[in-house]
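The structure file start_5.cif is reproduced below (mmCIF, C-alpha atoms and all ligand atoms).
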```
data_protein
loop_
_atom_site.label_atom_id
_atom_site.label_comp_id
_atom_site.auth_asym_id
_atom_site.auth_seq_id
_atom_site.Cartn_x
_atom_site.Cartn_y
_atom_site.Cartn_z
CA MET A 39 92.43 55.37 42.63
CA ARG A 40 91.96 55.69 46.35
CA VAL A 41 93.65 57.79 49.01
CA GLY A 42 94.29 57.11 52.70
CA LEU A 43 95.30 59.36 55.58
CA GLY A 44 97.10 58.40 58.79
CA TYR A 45 97.92 60.38 61.93
CA ASP A 46 99.54 59.34 65.20
CA VAL A 47 101.08 60.84 68.33
CA HIS A 48 103.05 59.17 71.12
CA LYS A 49 104.48 60.44 74.39
CA LEU A 50 108.28 60.76 74.85
CA VAL A 51 109.75 59.32 78.03
CA ARG A 52 113.16 58.50 79.46
CA GLY A 53 114.28 54.87 79.44
CA ARG A 54 112.74 53.92 76.08
CA ARG A 55 114.46 53.46 72.73
CA LEU A 56 113.47 55.85 69.95
CA THR A 57 112.44 54.00 66.79
CA LEU A 58 111.13 55.99 63.84
CA GLY A 59 110.48 54.58 60.39
CA GLY A 60 111.96 51.31 61.64
CA VAL A 61 115.28 53.01 62.42
CA GLU A 62 116.75 53.35 65.91
CA ILE A 63 117.68 56.97 66.57
CA PRO A 64 120.05 57.99 69.37
CA HIS A 65 118.13 60.29 71.74
CA HIS A 66 117.79 60.75 75.51
CA LYS A 67 114.09 59.83 75.32
CA GLY A 68 112.02 57.29 73.44
CA LEU A 69 108.38 56.92 72.46
CA LEU A 70 106.04 55.23 74.92
CA GLY A 71 103.51 52.67 73.74
CA HIS A 72 102.47 49.04 73.79
CA SER A 73 104.54 48.35 70.65
CA ASP A 74 107.82 50.12 69.87
CA ALA A 75 105.55 53.20 69.45
CA ASP A 76 106.98 54.05 66.02
CA VAL A 77 104.63 56.95 65.18
CA LEU A 78 105.74 57.15 61.57
CA ILE A 79 105.02 53.49 60.88
CA HIS A 80 101.70 53.69 62.74
CA ALA A 81 100.60 56.68 60.65
CA LEU A 82 101.65 54.79 57.51
CA CYS A 83 99.68 51.67 58.57
CA ASP A 84 96.58 53.81 59.19
CA ALA A 85 96.97 55.52 55.82
CA LEU A 86 97.19 52.13 54.08
CA LEU A 87 94.19 50.76 55.98
CA GLY A 88 92.27 53.95 55.21
CA ALA A 89 92.95 53.70 51.49
CA ALA A 90 91.78 50.07 51.53
CA GLY A 91 88.69 50.79 53.65
CA LEU A 92 89.99 48.39 56.30
CA GLY A 93 89.48 50.43 59.46
CA ASP A 94 92.44 51.34 61.64
CA ILE A 95 95.58 49.94 63.23
CA GLY A 96 93.97 49.58 66.66
CA SER A 97 91.26 47.26 65.33
CA HIS A 98 93.79 44.95 63.64
CA PHE A 99 96.58 45.02 66.24
CA PRO A 100 94.90 45.86 69.60
CA ASP A 101 97.20 47.06 72.39
CA SER A 102 95.41 44.63 74.73
CA GLN A 103 97.16 41.76 72.91
CA PRO A 104 100.39 40.57 74.59
CA GLU A 105 101.75 39.42 71.21
CA TYR A 106 102.13 43.06 70.18
CA LYS A 107 104.05 44.09 73.33
CA ASN A 108 107.18 46.00 72.27
CA ILE A 109 106.73 44.64 68.73
CA TYR A 110 108.88 46.16 66.00
CA SER A 111 106.19 48.12 64.11
CA ILE A 112 107.78 47.33 60.75
CA ARG A 113 106.28 43.85 61.30
CA LEU A 114 102.81 45.41 61.66
CA LEU A 115 103.46 47.39 58.48
CA ARG A 116 104.36 44.23 56.59
CA ARG A 117 101.12 42.56 57.70
CA THR A 118 99.08 45.68 56.93
CA CYS A 119 100.51 45.87 53.44
CA GLU A 120 99.65 42.20 52.84
CA MET A 121 96.01 42.93 53.76
CA VAL A 122 95.91 45.92 51.41
CA ARG A 123 97.43 43.97 48.52
CA ALA A 124 95.06 41.06 49.21
CA LYS A 125 92.21 43.49 48.49
CA GLY A 126 93.62 43.95 44.98
CA LEU A 127 95.25 47.31 45.62
CA ASP A 128 98.64 48.47 44.34
CA LEU A 129 100.55 51.22 46.11
CA ILE A 130 101.30 54.31 44.05
CA ASN A 131 103.15 56.54 46.52
CA ILE A 132 103.66 57.35 50.19
CA ASP A 133 104.18 60.82 51.62
CA ALA A 134 104.78 61.31 55.33
CA THR A 135 105.75 64.05 57.79
CA ILE A 136 107.35 63.50 61.20
CA ILE A 137 106.54 66.21 63.74
CA ALA A 138 109.24 66.45 66.39
CA GLN A 139 111.21 69.23 68.07
CA GLU A 140 114.44 67.23 68.30
CA PRO A 141 116.67 65.49 67.32
CA LYS A 142 117.35 66.50 63.71
CA MET A 143 115.70 63.86 61.52
CA ALA A 144 117.37 64.59 58.18
CA PRO A 145 120.38 62.27 58.73
CA PHE A 146 118.05 59.31 59.41
CA ILE A 147 115.49 59.78 56.65
CA PRO A 148 117.40 57.82 53.95
CA ALA A 149 117.60 54.81 56.30
CA MET A 150 113.86 55.08 57.11
CA ARG A 151 112.97 55.09 53.41
CA ARG A 152 115.21 52.06 52.89
CA GLU A 153 113.63 50.14 55.83
CA ILE A 154 110.09 50.83 54.63
CA SER A 155 110.98 50.02 51.02
CA ARG A 156 112.48 46.67 52.07
CA ALA A 157 109.64 45.80 54.45
CA ILE A 158 106.88 46.20 51.89
CA ASP A 159 108.86 45.57 48.70
CA PHE A 160 108.09 49.02 47.32
CA ASP A 161 110.21 51.45 45.27
CA GLU A 162 112.13 53.81 47.56
CA ALA A 163 111.72 56.61 45.00
CA ARG A 164 107.97 56.55 45.74
CA ILE A 165 108.44 56.95 49.49
CA ASN A 166 108.82 60.54 50.65
CA ILE A 167 109.51 61.39 54.29
CA LYS A 168 109.72 64.91 55.65
CA ALA A 169 110.22 66.28 59.15
CA THR A 170 109.13 69.48 60.83
CA THR A 171 109.23 71.00 64.29
CA THR A 172 106.38 72.99 65.83
CA GLU A 173 108.78 75.92 66.47
CA GLY A 174 108.71 75.06 70.16
CA LEU A 175 104.94 75.42 70.40
CA GLY A 176 102.70 73.00 72.28
CA PRO A 177 103.53 69.63 73.87
CA ILE A 178 105.47 68.40 70.82
CA GLY A 179 107.47 71.63 70.83
CA LYS A 180 108.31 71.05 74.51
CA GLY A 181 109.61 67.56 73.68
CA GLU A 182 106.76 65.77 75.46
CA GLY A 183 105.88 63.73 72.39
CA MET A 184 106.21 63.20 68.66
CA GLY A 185 103.67 62.92 65.90
CA ALA A 186 103.45 61.80 62.30
CA MET A 187 101.09 62.25 59.39
CA CYS A 188 100.96 60.14 56.27
CA VAL A 189 99.10 60.04 52.98
CA VAL A 190 99.05 57.03 50.69
CA MET A 191 97.63 56.62 47.21
CA VAL A 192 96.64 53.22 45.85
CA ASN A 193 95.30 51.92 42.58
CA GLU A 194 92.54 49.35 42.19
CA LYS A 195 93.65 46.55 39.87
CA ASP A 196 90.95 45.74 37.36
MG MG A 201 100.50 54.55 67.64
#
```

Once more with this new file: its structure as C-alpha cells, please.
Ligand code: MG
Amino acid sequence: MRVGLGYDVHKLVRGRRLTLGGVEIPHHKGLLGHSDADVLIHALCDALLGAAGLGDIGSHFPDSQPEYKNIYSIRLLRRTCEMVRAKGLDLINIDATIIAQEPKMAPFIPAMRREISRAIDFDEARINIKATTTEGLGPIGKGEGMGAMCVVMVNEKD
C-alpha cells in the first residue's frame, strides 16, 4: 500500500466564481488561479500523484499552458486518476479537509463527493470531505484565501 498527501492554497478575489470539489458555490468572492482554482481538487490531484510517485500537479498541468486557462479542475482530476491507474494502482480511500472561513461548506459536501465519485468512477462511501475554519486567524481566517489538504491511500495490484 502507498499513501499520498496533497496541500493547496488559493487567493480569494471578487469577480471570480467559487468552485470547490467540482461544485459551484454561491459566494461574493471566488478563487484566483490559472485554472478554476479548485483548491480541493488540486490537493486531491497532488495526493494521487504523490501516492503514485508521479511528482506534482504543476509538472503535469503547468499554469504556463493556455490549454489549462480556466479549466474545470475535475478534468485534471480525471486525467490524474488515469495516470495513477495506468501505474497499476487502485484507490482505497480519499480523505480531505477544506480550510475556509466562509461560507458554510456542509450543505455542499454531498454534491462534492458525488462529483468526485463520478469523475473518477470511485465509490462515494470511500470519499470523505471535511471543512474547518481557522477561527478567524491568519489570511484564511480574514477571507483572503482558502486551502485544502488531502490524503489518499492506494494499493499496488500484483
Ligand atoms: Mg492550485

*Hey, which of A:Gly93, A:Gly71, A:Gly183, A:Pro148 ends up closest to ligand MG 201 (chain A)? Count all atoms listed in the file.*
A:Gly71

_Selection: 10 Å around Phe99 in chain A, all atoms listed in the file, excl. self and same-chain fewer than 4 positions, as a PyMOL selection string_ = chain A and resi 73+94-95+103+105-106+114+117-118

*Take CA of Val51 in chain A and CA of Asp84 in chain A and report the distance between them in Å, one decimal.*
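Going from CA of Val51 in chain A over to CA of Asp84 in chain A covers 23.6 Å.
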
*asked:* Show me which residues line ligand MG 201 (chain A), defined as having an atom within 6 Å of a ligand atom where all atoms listed in the file count, and present them as a ChimeraX atom specification.
replied: /A:46,75,77,80

*Could you pull the residues within 9 Å of Ile112 in chain A, counting all atoms listed in the file, minus those fewer than 5 positions along the same chain, as a list in words?*
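Selected residues are Gly59, Gly60, Asp76, Ile79, Arg117, Glu153, Ile154, Ala157 and Ile158 of chain A.
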
_Using only C-alpha atoms: which of A:Ser97, A:Arg156, A:Ile132, A:Asn166 has the shortest distance to Arg113 in chain A_ =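 Ranked by minimum distance to Arg113 in chain A, first place goes to A:Arg156.
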
*asked:* To one decimal place in Å, what is the distance between CA of His65 in chain A and CA of Tyr45 in chain A?
replied: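 CA of Tyr45 in chain A lies at a distance of 22.5 Å from CA of His65 in chain A.
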
_I'd like the neighbourhood of Lys142 in chain A as a list of chain:residue names, where a residue qualifies if any of its atoms comes within 12 Å (using all atoms listed in the file), though same-chain residues fewer than 2 positions away should be ignored._
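Neighbouring residues, sequence-local ones excluded: A:Ile63, A:Pro64, A:His65, A:Ile136, A:Ile137, A:Ala138, A:Gln139, A:Glu140, A:Ala144, A:Pro145, A:Phe146, A:Ile147, A:Lys168, A:Ala169, A:Thr170, A:Thr171.
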